[in-house]
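J.: Got a structure for you, input-v6.pdb, holding PDB, C-alpha atoms.
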```
ATOM      1  CA  MET A 541     112.591  97.994 -71.245
ATOM      2  CA  ARG A 542     111.857  96.089 -74.414
ATOM      3  CA  LEU A 543     110.869  92.473 -74.048
ATOM      4  CA  GLY A 544     112.224  89.749 -76.252
ATOM      5  CA  SER A 545     115.312  91.504 -77.531
ATOM      6  CA  VAL A 546     117.810  89.518 -79.574
ATOM      7  CA  GLU A 547     120.309  89.542 -76.725
ATOM      8  CA  ASP A 548     117.923  88.414 -74.018
ATOM      9  CA  GLY A 549     120.602  87.048 -71.734
ATOM     10  CA  SER A 550     119.606  83.433 -72.170
ATOM     11  CA  PRO A 551     121.992  80.863 -70.674
ATOM     12  CA  VAL A 552     121.653  78.774 -73.823
ATOM     13  CA  LYS A 553     122.229  79.744 -77.412
ATOM     14  CA  SER A 554     119.148  81.073 -79.180
ATOM     15  CA  MET A 555     117.507  78.691 -81.615
ATOM     16  CA  GLN A 556     117.296  79.417 -85.285
ATOM     17  CA  LYS A 557     113.790  80.193 -86.393
ATOM     18  CA  ASP A 558     112.047  76.921 -87.161
ATOM     19  CA  GLY A 559     109.434  76.447 -89.806
ATOM     20  CA  VAL A 560     106.357  75.447 -87.852
ATOM     21  CA  LYS A 561     103.280  74.219 -89.639
ATOM     22  CA  LYS A 562     100.398  76.478 -88.831
ATOM     23  CA  VAL A 563      97.226  74.845 -87.613
ATOM     24  CA  GLU A 564      94.134  75.749 -89.573
ATOM     25  CA  ASN A 565      91.845  78.336 -88.073
ATOM     26  CA  VAL A 566      89.310  76.970 -85.671
ATOM     27  CA  THR A 567      85.726  77.361 -86.807
ATOM     28  CA  THR A 568      83.062  77.849 -84.196
ATOM     29  CA  SER A 569      80.264  75.356 -84.321
ATOM     30  CA  LYS A 570      76.834  76.249 -83.078
ATOM     31  CA  GLY A 571      76.092  72.601 -82.554
ATOM     32  CA  GLY A 572      76.413  71.247 -79.076
ATOM     33  CA  VAL A 573      75.385  74.399 -77.249
ATOM     34  CA  ALA A 574      74.025  73.300 -73.929
ATOM     35  CA  PRO A 575      70.384  73.890 -73.035
ATOM     36  CA  SER A 576      69.423  76.678 -70.695
ATOM     37  CA  ILE A 577      70.427  76.187 -67.089
ATOM     38  CA  THR A 578      67.525  75.377 -64.793
ATOM     39  CA  ASN A 579      66.874  77.309 -61.597
ATOM     40  CA  ALA A 580      68.136  74.389 -59.509
ATOM     41  CA  GLN A 581      71.319  74.137 -61.578
ATOM     42  CA  GLN A 582      71.864  77.881 -61.385
ATOM     43  CA  ALA A 583      71.464  77.766 -57.612
ATOM     44  CA  ALA A 584      74.013  74.961 -57.388
ATOM     45  CA  VAL A 585      76.470  76.868 -59.583
ATOM     46  CA  THR A 586      76.002  80.039 -57.506
ATOM     47  CA  GLN A 587      76.584  78.078 -54.300
ATOM     48  CA  GLN A 588      79.754  76.520 -55.744
ATOM     49  CA  ALA A 589      81.101  79.882 -56.869
ATOM     50  CA  THR A 590      80.341  81.460 -53.485
ATOM     51  CA  ALA A 591      82.099  78.632 -51.652
ATOM     52  CA  ALA A 592      85.125  78.958 -53.934
ATOM     53  CA  GLN A 593      85.320  82.701 -53.380
ATOM     54  CA  GLN A 594      85.098  82.252 -49.601
ATOM     55  CA  SER A 595      87.829  79.601 -49.651
ATOM     56  CA  LYS A 596      90.143  81.686 -51.809
ATOM     57  CA  PRO A 597      93.290  82.389 -49.806
ATOM     58  CA  ASP A 598      94.554  85.885 -49.339
ATOM     59  CA  GLU A 599      97.184  86.365 -52.006
ATOM     60  CA  PRO A 600      99.234  89.424 -52.913
ATOM     61  CA  SER A 601      98.121  91.157 -56.095
ATOM     62  CA  ASP A 602     101.388  90.251 -57.818
ATOM     63  CA  CYS A 603     100.967  86.540 -56.958
ATOM     64  CA  TYR A 604     104.212  86.449 -54.941
ATOM     65  CA  LEU A 605     106.308  87.854 -57.790
ATOM     66  CA  LYS A 606     108.178  90.327 -55.562
ATOM     67  CA  ASP A 607     108.840  87.604 -53.003
ATOM     68  CA  LEU A 608     110.243  85.343 -55.698
ATOM     69  CA  TYR A 609     112.403  88.135 -57.093
ATOM     70  CA  SER A 610     113.877  88.705 -53.636
ATOM     71  CA  GLN A 611     114.597  84.992 -53.162
ATOM     72  CA  VAL A 612     116.225  84.493 -56.550
ATOM     73  CA  THR A 613     118.191  87.754 -56.338
ATOM     74  CA  SER A 614     119.632  86.633 -53.012
ATOM     75  CA  VAL A 615     120.867  83.373 -54.553
ATOM     76  CA  VAL A 616     122.310  85.092 -57.626
ATOM     77  CA  ALA A 617     124.099  87.697 -55.500
ATOM     78  CA  SER A 618     125.861  84.911 -53.608
ATOM     79  CA  LYS A 619     127.515  83.733 -56.869
ATOM     80  CA  PRO A 620     126.685  80.076 -56.180
ATOM     81  CA  ASP A 621     128.741  78.735 -59.095
ATOM     82  CA  GLU A 622     131.953  80.364 -57.889
ATOM     83  CA  ARG A 623     132.316  78.398 -54.672
ATOM     84  CA  GLU A 624     135.440  76.356 -54.063
ATOM     85  CA  ASN A 625     133.452  73.434 -52.695
ATOM     86  CA  ILE A 626     130.030  73.175 -54.319
ATOM     87  CA  ASN A 627     127.744  70.677 -52.601
ATOM     88  CA  GLU A 628     124.418  70.430 -54.430
ATOM     89  CA  GLU A 629     123.453  67.295 -52.536
ATOM     90  CA  GLU A 630     122.977  69.390 -49.421
ATOM     91  CA  CYS A 631     120.586  71.606 -51.364
ATOM     92  CA  GLU A 632     118.307  68.866 -52.678
ATOM     93  CA  ASP A 633     114.886  68.533 -51.089
ATOM     94  CA  PRO A 634     112.421  66.188 -52.843
ATOM     95  CA  ALA A 635     109.729  67.316 -50.412
ATOM     96  CA  ALA A 636     109.782  70.739 -52.071
ATOM     97  CA  VAL A 637     108.844  69.449 -55.540
ATOM     98  CA  PRO A 638     106.134  71.705 -57.017
ATOM     99  CA  MET A 639     102.466  70.807 -56.745
ATOM    100  CA  ILE A 640     101.647  72.115 -60.202
ATOM    101  CA  TRP A 641     103.440  73.057 -63.397
ATOM    102  CA  VAL A 642     102.713  73.553 -67.096
ATOM    103  CA  SER A 643     103.185  70.225 -68.849
ATOM    104  CA  LYS A 644     102.115  71.300 -72.369
ATOM    105  CA  TRP A 645     101.392  74.554 -74.166
ATOM    106  CA  VAL A 646     100.374  75.885 -77.574
ATOM    107  CA  ASP A 647     100.868  79.500 -78.575
ATOM    108  CA  TYR A 648      98.110  80.753 -80.869
ATOM    109  CA  SER A 649      98.219  84.298 -79.538
ATOM    110  CA  ASP A 650      98.198  85.847 -83.003
ATOM    111  CA  LYS A 651      94.511  84.872 -83.205
ATOM    112  CA  TYR A 652      93.075  83.506 -79.981
ATOM    113  CA  GLY A 653      95.450  83.096 -77.059
ATOM    114  CA  LEU A 654      97.697  80.597 -75.324
ATOM    115  CA  GLY A 655      96.429  77.139 -74.416
ATOM    116  CA  TYR A 656      98.131  74.991 -71.829
ATOM    117  CA  GLN A 657      97.807  71.806 -69.814
ATOM    118  CA  LEU A 658      98.834  71.511 -66.184
ATOM    119  CA  CYS A 659     100.455  68.411 -64.739
ATOM    120  CA  ASP A 660      97.139  67.325 -63.193
ATOM    121  CA  GLU A 661      95.602  67.090 -66.710
ATOM    122  CA  SER A 662      93.510  70.241 -66.313
ATOM    123  CA  ILE A 663      93.384  72.531 -69.343
ATOM    124  CA  GLY A 664      93.427  76.319 -69.542
ATOM    125  CA  VAL A 665      93.279  79.042 -72.154
ATOM    126  CA  LEU A 666      94.376  82.631 -71.598
ATOM    127  CA  PHE A 667      92.539  84.462 -74.369
ATOM    128  CA  ASN A 668      93.678  87.626 -76.103
ATOM    129  CA  ASP A 669      90.706  89.511 -74.594
ATOM    130  CA  PHE A 670      92.250  88.775 -71.159
ATOM    131  CA  THR A 671      89.564  86.283 -70.127
ATOM    132  CA  LYS A 672      90.373  82.739 -69.013
ATOM    133  CA  LEU A 673      88.642  79.408 -69.421
ATOM    134  CA  LEU A 674      89.696  76.379 -67.385
ATOM    135  CA  LEU A 675      88.659  72.751 -67.740
ATOM    136  CA  LEU A 676      89.235  70.914 -64.493
ATOM    137  CA  ALA A 677      91.032  67.579 -64.338
ATOM    138  CA  ASP A 678      87.716  65.726 -64.106
ATOM    139  CA  GLY A 679      87.045  66.735 -67.721
ATOM    140  CA  GLU A 680      83.556  67.936 -66.835
ATOM    141  CA  ASN A 681      83.620  71.188 -64.893
ATOM    142  CA  ILE A 682      84.697  74.472 -66.464
ATOM    143  CA  HIS A 683      85.686  77.700 -64.765
ATOM    144  CA  TYR A 684      85.314  80.984 -66.662
ATOM    145  CA  ILE A 685      87.099  84.096 -65.406
ATOM    146  CA  GLU A 686      86.169  87.458 -66.879
ATOM    147  CA  ARG A 687      88.626  90.270 -67.466
ATOM    148  CA  SER A 688      87.218  91.914 -64.330
ATOM    149  CA  SER A 689      88.114  88.706 -62.394
ATOM    150  CA  ALA A 690      84.444  87.780 -61.945
ATOM    151  CA  GLU A 691      84.205  84.001 -61.881
ATOM    152  CA  HIS A 692      81.574  81.611 -63.227
ATOM    153  CA  TYR A 693      81.256  77.842 -62.890
ATOM    154  CA  HIS A 694      79.591  75.603 -65.457
ATOM    155  CA  GLN A 695      79.830  72.119 -66.890
ATOM    156  CA  LEU A 696      81.303  71.167 -70.226
ATOM    157  CA  LYS A 697      77.920  69.732 -71.175
ATOM    158  CA  ASN A 698      75.955  72.693 -69.870
ATOM    159  CA  TYR A 699      77.190  76.251 -70.331
ATOM    160  CA  PRO A 700      75.780  79.586 -71.587
ATOM    161  CA  ALA A 701      75.604  80.066 -75.340
ATOM    162  CA  ALA A 702      77.780  83.176 -74.967
ATOM    163  CA  LEU A 703      80.726  80.893 -74.141
ATOM    164  CA  ASN A 704      80.250  78.649 -77.154
ATOM    165  CA  LYS A 705      83.202  79.948 -79.166
ATOM    166  CA  LYS A 706      85.571  79.879 -76.210
ATOM    167  CA  VAL A 707      84.534  76.380 -75.195
ATOM    168  CA  THR A 708      85.044  75.272 -78.808
ATOM    169  CA  LEU A 709      88.552  76.728 -78.727
ATOM    170  CA  LEU A 710      89.287  75.080 -75.389
ATOM    171  CA  ARG A 711      88.235  71.713 -76.834
ATOM    172  CA  TYR A 712      90.459  72.367 -79.834
ATOM    173  CA  PHE A 713      93.491  73.198 -77.702
ATOM    174  CA  ARG A 714      92.868  70.141 -75.518
ATOM    175  CA  ASN A 715      92.603  67.778 -78.486
ATOM    176  CA  TYR A 716      95.668  69.251 -80.168
ATOM    177  CA  MET A 717      97.837  68.926 -77.077
ATOM    178  CA  ASN A 718      96.628  65.396 -76.336
ATOM    179  CA  GLU A 719      97.294  64.240 -79.886
ATOM    180  CA  HIS A 720     100.563  66.002 -80.699
ATOM    181  CA  LEU A 721     102.494  66.975 -77.557
ATOM    182  CA  VAL A 722     104.560  65.077 -75.032
ATOM    183  CA  LYS A 723     103.960  65.793 -71.374
ATOM    184  CA  ALA A 724     106.832  67.648 -69.739
ATOM    185  CA  ALA A 725     108.313  66.131 -66.579
ATOM    186  CA  ALA A 726     106.025  63.118 -66.936
ATOM    187  CA  SER A 727     108.138  61.129 -64.480
ATOM    188  CA  MET A 728     107.964  63.798 -61.766
ATOM    189  CA  CYS A 729     105.281  63.194 -59.143
ATOM    190  CA  PRO A 730     103.634  66.376 -57.839
ATOM    191  CA  ARG A 731     103.913  67.144 -54.145
ATOM    192  CA  GLU A 732     100.855  66.002 -52.243
ATOM    193  CA  GLY A 733      98.762  68.461 -50.288
ATOM    194  CA  ASP A 734      95.394  70.118 -49.991
ATOM    195  CA  GLU A 735      96.439  73.570 -51.194
ATOM    196  CA  LEU A 736      95.041  72.963 -54.679
ATOM    197  CA  ALA A 737      91.369  73.062 -53.754
ATOM    198  CA  ARG A 738      91.439  75.959 -56.222
ATOM    199  CA  ILE A 739      93.064  75.272 -59.551
ATOM    200  CA  PRO A 740      95.653  77.938 -60.430
ATOM    201  CA  SER A 741      95.499  79.618 -63.812
ATOM    202  CA  LEU A 742      98.035  81.265 -66.071
ATOM    203  CA  ARG A 743      98.355  84.837 -64.848
ATOM    204  CA  THR A 744     100.611  86.141 -67.590
ATOM    205  CA  TYR A 745     103.426  85.114 -69.898
ATOM    206  CA  PHE A 746     105.845  86.341 -72.503
ATOM    207  CA  ARG A 747     108.295  84.862 -74.968
ATOM    208  CA  THR A 748     111.841  85.763 -75.839
ATOM    209  CA  ARG A 749     113.898  84.233 -78.629
ATOM    210  CA  SER A 750     115.232  81.699 -76.152
ATOM    211  CA  ALA A 751     112.392  80.783 -73.817
ATOM    212  CA  ILE A 752     108.797  81.116 -72.754
ATOM    213  CA  ILE A 753     108.162  82.436 -69.252
ATOM    214  CA  LEU A 754     104.897  81.396 -67.578
ATOM    215  CA  HIS A 755     103.577  82.819 -64.311
ATOM    216  CA  LEU A 756     100.720  81.026 -62.537
ATOM    217  CA  THR A 757      98.320  82.608 -60.064
ATOM    218  CA  ASN A 758      99.637  80.428 -57.221
ATOM    219  CA  GLY A 759     103.046  82.082 -57.614
ATOM    220  CA  THR A 760     104.782  79.338 -59.597
ATOM    221  CA  LEU A 761     107.087  80.704 -62.290
ATOM    222  CA  GLN A 762     108.197  78.347 -65.059
ATOM    223  CA  ILE A 763     110.770  78.944 -67.776
ATOM    224  CA  ASN A 764     111.031  76.551 -70.726
ATOM    225  CA  PHE A 765     114.186  76.978 -72.815
ATOM    226  CA  PHE A 766     113.663  76.278 -76.506
ATOM    227  CA  GLU A 767     117.080  75.116 -77.614
ATOM    228  CA  ASP A 768     117.963  72.377 -75.136
ATOM    229  CA  HIS A 769     114.455  71.834 -73.681
ATOM    230  CA  THR A 770     115.662  72.423 -70.134
ATOM    231  CA  LYS A 771     113.193  73.932 -67.675
ATOM    232  CA  ILE A 772     113.170  75.538 -64.272
ATOM    233  CA  ILE A 773     110.117  75.720 -62.024
ATOM    234  CA  LEU A 774     110.314  78.237 -59.199
ATOM    235  CA  CYS A 775     107.981  78.181 -56.199
ATOM    236  CA  PRO A 776     108.142  81.216 -53.878
ATOM    237  CA  LEU A 777     105.971  79.571 -51.221
ATOM    238  CA  MET A 778     108.343  76.624 -50.898
ATOM    239  CA  GLY A 779     111.414  78.738 -51.610
ATOM    240  CA  ALA A 780     112.517  76.113 -54.097
ATOM    241  CA  VAL A 781     113.518  75.537 -57.704
ATOM    242  CA  THR A 782     113.125  72.378 -59.762
ATOM    243  CA  TYR A 783     115.606  71.998 -62.609
ATOM    244  CA  ILE A 784     114.775  69.642 -65.493
ATOM    245  CA  ASP A 785     117.874  69.050 -67.588
ATOM    246  CA  GLU A 786     118.237  68.170 -71.274
ATOM    247  CA  LYS A 787     117.944  64.457 -70.444
ATOM    248  CA  ARG A 788     114.652  65.112 -68.636
ATOM    249  CA  ASN A 789     116.181  64.342 -65.273
ATOM    250  CA  PHE A 790     114.895  66.573 -62.503
ATOM    251  CA  ARG A 791     116.098  67.731 -59.120
ATOM    252  CA  THR A 792     114.500  70.075 -56.612
ATOM    253  CA  TYR A 793     116.603  72.443 -54.514
ATOM    254  CA  ARG A 794     115.893  74.879 -51.704
ATOM    255  CA  LEU A 795     116.946  78.342 -52.809
ATOM    256  CA  ALA A 796     118.367  79.170 -49.387
ATOM    257  CA  SER A 797     120.521  76.038 -49.548
ATOM    258  CA  LEU A 798     121.827  76.951 -53.010
ATOM    259  CA  GLU A 799     122.872  80.282 -51.545
ATOM    260  CA  LYS A 800     124.730  78.465 -48.781
ATOM    261  CA  TYR A 801     126.234  75.495 -50.604
ATOM    262  CA  GLY A 802     126.415  76.653 -54.230
ATOM    263  CA  CYS A 803     125.450  74.975 -57.498
ATOM    264  CA  ARG A 804     126.729  74.134 -60.962
ATOM    265  CA  PRO A 805     127.112  76.895 -63.581
ATOM    266  CA  ASP A 806     124.226  75.606 -65.735
ATOM    267  CA  LEU A 807     121.709  76.029 -62.915
ATOM    268  CA  ALA A 808     123.259  79.297 -61.750
ATOM    269  CA  ASN A 809     122.997  80.718 -65.275
ATOM    270  CA  ARG A 810     119.333  79.800 -65.457
ATOM    271  CA  LEU A 811     118.662  81.411 -62.109
ATOM    272  CA  ARG A 812     120.314  84.608 -63.341
ATOM    273  CA  TYR A 813     118.104  84.488 -66.411
ATOM    274  CA  ALA A 814     115.047  83.918 -64.197
ATOM    275  CA  ARG A 815     115.918  86.954 -62.108
ATOM    276  CA  ASN A 816     116.076  89.121 -65.237
ATOM    277  CA  MET A 817     112.751  87.777 -66.508
ATOM    278  CA  ILE A 818     111.031  88.344 -63.158
ATOM    279  CA  GLN A 819     112.341  91.897 -63.215
ATOM    280  CA  LYS A 820     110.757  92.384 -66.631
ATOM    281  CA  PHE A 821     107.433  91.192 -65.266
ATOM    282  CA  LEU A 822     107.699  93.659 -62.406
ATOM    283  CA  VAL A 823     108.536  96.663 -64.579
ATOM    284  CA  THR A 824     105.965  95.904 -67.258
ATOM    285  CA  LYS A 825     102.635  97.453 -66.351
ATOM    286  CA  SER A 826     100.753  95.103 -68.642
ATOM    287  CA  SER A 827     101.866  92.117 -66.608
ATOM    288  CA  THR A 828      99.230  92.885 -63.983
ATOM    289  CA  THR A 829      96.310  93.134 -66.372
ATOM    290  CA  LYS A 830      97.016  91.218 -69.553
ATOM    291  CA  PRO A 831      99.506  89.003 -71.366
ATOM    292  CA  SER A 832     102.822  90.745 -71.813
ATOM    293  CA  SER A 833     103.418  92.808 -74.938
ATOM    294  CA  ALA A 834     105.827  90.117 -76.048
ATOM    295  CA  SER A 835     102.831  88.027 -77.058
ATOM    296  CA  SER A 836     101.422  90.706 -79.338
ATOM    297  CA  SER A 837     102.198  91.287 -82.966
ATOM    298  CA  SER A 838     103.374  94.842 -82.444
ATOM    299  CA  SER A 839     106.256  95.869 -84.651
ATOM    300  CA  THR A 840     107.969  97.470 -81.656
ATOM    301  CA  THR A 841     109.021  94.117 -80.225
ATOM    302  CA  SER A 842     111.405  91.629 -81.740
ATOM    303  CA  THR A 843     109.950  88.607 -79.961
ATOM    304  CA  THR A 844     109.659  85.612 -82.256
ATOM    305  CA  GLN A 845     106.068  84.572 -82.883
ATOM    306  CA  HIS A 846     104.919  81.168 -84.092
ATOM    307  CA  ALA A 847     101.255  80.239 -84.219
ATOM    308  CA  PRO A 848     100.904  77.726 -82.908
ATOM    309  CA  THR A 849     104.214  76.668 -81.402
ATOM    310  CA  PRO A 850     103.712  73.277 -79.759
ATOM    311  CA  THR A 851     106.228  72.270 -77.156
ATOM    312  CA  ALA A 852     106.534  70.188 -74.053
TER     313      ALA A 852
END
```
Could you write out this file's structure as structure tokens?
T.:
Amino acid sequence: MRLGSVEDGSPVKSMQKDGVKKVENVTTSKGGVAPSITNAQQAAVTQQATAAQQSKPDEPSDCYLKDLYSQVTSVVASKPDERENINEEECEDPAAVPMIWVSKWVDYSDKYGLGYQLCDESIGVLFNDFTKLLLLADGENIHYIERSSAEHYHQLKNYPAALNKKVTLLRYFRNYMNEHLVKAAASMCPREGDELARIPSLRTYFRTRSAIILHLTNGTLQINFFEDHTKIILCPLMGAVTYIDEKRNFRTYRLASLEKYGCRPDLANRLRYARNMIQKFLVTKSSTTKPSSASSSSSTTSTTQHAPTPTA
């Protein structure tokens, strides 16, 4: 199945290709490389990493993708927009608002990777070599994840010289997003809880002509539509979807309630689109090991590529 085809089934009309100014290539500076880590610091880092690994919850290898597909498919099969008496108010549940979502992103995958900011102000980069670098919300601690999933913890002021280029790129993405992008769903308050002792990262993503689809390691799936700037955020653990409309208003619904009480066509169409995109994740082998082929420059895909493409 080819990703990013012209007729991708989007519920909104595909945008015309915009002329996006390309940001100049980032040059790696050798200045600012942190000094060598002392034995005491290394011991502290090792202890932190060990504690994080021990506290890591047992998660399915697909990060709940199959569970989410089952939930969304069940809603879609019920044809929620064809009910005689649709009652969305019965479906609303503010307590199910997501704990985390992608508030900003920049696609520079033709050279480096995709940078993003989460709603808690933490920053992440999913590099083209399938490694990840995260800057926690405190702006000091960084979390490096190798392609093999081995994890390392450092500080922004003190990290190995081997990470210099990637830290430089992370700083660049952070500064660009802070200076040029508007935070998505800025008025939405995340759900409180203690589940985020471990910051989630971007597991994989791909782009079609109509949207970008982002899948986080905590199971959250987010779809940002380019044309009307609507968004849906799906959480399989809560069994809920948050819909942000073109006026930036948001509402959170329980999926089981949508199946029972129905919903408007605009939300139903986006759920159908989400089901198709989740299916593409599931049938694409690369989705378990690297960014989807839709983010590559291969001539076999018709996915639109802009580098970077800033959006909120």
J.: Do you have the atom CA of Ile753 of chain A-atom CA of Ile626 of chain A distance handy?
T.: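 Spanning atom CA of Ile753 of chain A to atom CA of Ile626 of chain A is a straight-line distance of 28.1 Å.
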J.: In Å, how far is it from atom CA of Asn809 of chain A to atom CA of Pro551 of chain A?
T.: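 Result for atom CA of Asn809 of chain A versus atom CA of Pro551 of chain A: 5.5 Å, one decimal.
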J.: For a quick check of understanding, using all atoms listed in the file, which of A:Leu807, A:Arg743, A:Asp650, A:Ser797 has the smallest distance to Thr671 of chain A?
T.: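 Closest residue, counting all atoms listed in the file: A:Arg743.
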J.: When distances are computed from only C-alpha atoms, which of A:Glu629, A:Glu767, A:Asp669, A:Asp785 shows the smallest separation from Ala724 of chain A?
T.: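 When distances to Ala724 of chain A are compared using only C-alpha atoms, the smallest one comes from A:Asp785.
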J.: Just how far from atom CA of Cys603 of chain A is atom CA of Gly759 of chain A, in Å to one decimal?
T.: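 Computing the Euclidean distance for atom CA of Gly759 of chain A and atom CA of Cys603 of chain A yields 5.0 Å.
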J.: May I have the protein, DNA and RNA residues with any atom at most 12 Å from the point (87.3, 88.9, -65.1), counting all atoms listed in the file, written as a list in words?
T.: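 Counting all atoms listed in the file, I find these residues within 12 Å of (87.3, 88.9, -65.1): Leu666, Phe667, Asp669, Phe670, Thr671, Lys672, Leu673, His683, Tyr684, Ile685, Glu686, Arg687, Ser688, Ser689, Ala690, Glu691, His692, Arg743, Thr829 and Lys830 of chain A.
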J.: Would you mind telling me which residue in A:Arg623, A:Lys706, A:Lys723, A:Arg810 lies nearest to Gly653 of chain A when using all atoms listed in the file?
T.: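 Nearest to Gly653 of chain A: A:Lys706.
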J.: Please provide as an NGL selection string all residues within 12 Å of Asp607 of chain A, with the sequence filter that same-chain residues fewer than 2 positions apart are discarded (counting all atoms listed in the file).
T.: :A and (599-605 or 609-614 or 759-761 or 774-779 or 815 or 818-819 or 822)
J.: Contacts of Asn625 of chain A at 10 Å or less, counting all atoms listed in the file, minus same-chain residues fewer than 3 places along, as a list in words?
T.: Asp621, Glu622, Glu628, Tyr801, Gly802 and Cys803 of chain A
J.: Filtering to C-alpha atoms, could you give me those residues as an mmCIF file, in the frame of the given file?
T.:
```cif
data_model
loop_
_atom_site.group_PDB
_atom_site.id
_atom_site.type_symbol
_atom_site.label_atom_id
_atom_site.label_comp_id
_atom_site.auth_asym_id
_atom_site.auth_seq_id
_atom_site.Cartn_x
_atom_site.Cartn_y
_atom_site.Cartn_z
ATOM 1 C CA ASP A 621 128.741 78.735 -59.095
ATOM 2 C CA GLU A 622 131.953 80.364 -57.889
ATOM 3 C CA GLU A 628 124.418 70.430 -54.430
ATOM 4 C CA TYR A 801 126.234 75.495 -50.604
ATOM 5 C CA GLY A 802 126.415 76.653 -54.230
ATOM 6 C CA CYS A 803 125.450 74.975 -57.498
#
```
J.: Go through the shown structure with the PyMOL selection byres ((chain A and resi 677) around 8) and write out the matching residues as a VMD selection string.
T.: chain A and resid 660 to 663 675 to 676 678 to 680
J.: Output C-alpha atoms for every residue in the selection just made, as an mmCIF file, keeping the file's coordinate frame.
T.:
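Wrote out.cif, looks like this:
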```cif
data_model
loop_
_atom_site.group_PDB
_atom_site.id
_atom_site.type_symbol
_atom_site.label_atom_id
_atom_site.label_comp_id
_atom_site.auth_asym_id
_atom_site.auth_seq_id
_atom_site.Cartn_x
_atom_site.Cartn_y
_atom_site.Cartn_z
ATOM 1 C CA ASP A 660 97.139 67.325 -63.193
ATOM 2 C CA GLU A 661 95.602 67.090 -66.710
ATOM 3 C CA SER A 662 93.510 70.241 -66.313
ATOM 4 C CA ILE A 663 93.384 72.531 -69.343
ATOM 5 C CA LEU A 675 88.659 72.751 -67.740
ATOM 6 C CA LEU A 676 89.235 70.914 -64.493
ATOM 7 C CA ASP A 678 87.716 65.726 -64.106
ATOM 8 C CA GLY A 679 87.045 66.735 -67.721
ATOM 9 C CA GLU A 680 83.556 67.936 -66.835
#
```
J.: Can you translate the PyMOL selection byres ((chain A and resi 772) around 7) into the concrete residues it hits in this file, as a PyMOL selection string?
T.: chain A and resi 762-764+771+773-774+781-784
J.: Could you check which of A:Val665, A:Ile739, A:Met639, A:Ile752 is closest to Arg711 of chain A, using only C-alpha atoms?
T.: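 Smallest separation from Arg711 of chain A among the options: A:Val665.
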J.: Find the residues around Glu799 of chain A up to 7 Å (all atoms listed in the file counted), leave out those fewer than 6 positions away in its own chain, and share them as a compact mmCIF listing (two decimals) with C-alpha atoms, in the coordinates of the input.
T.:
```txt
# COMPACT_ATOMS: atom_id res chain seq x y z
CA VAL A 615 120.87 83.37 -54.55
CA SER A 618 125.86 84.91 -53.61
CA PRO A 620 126.68 80.08 -56.18
```
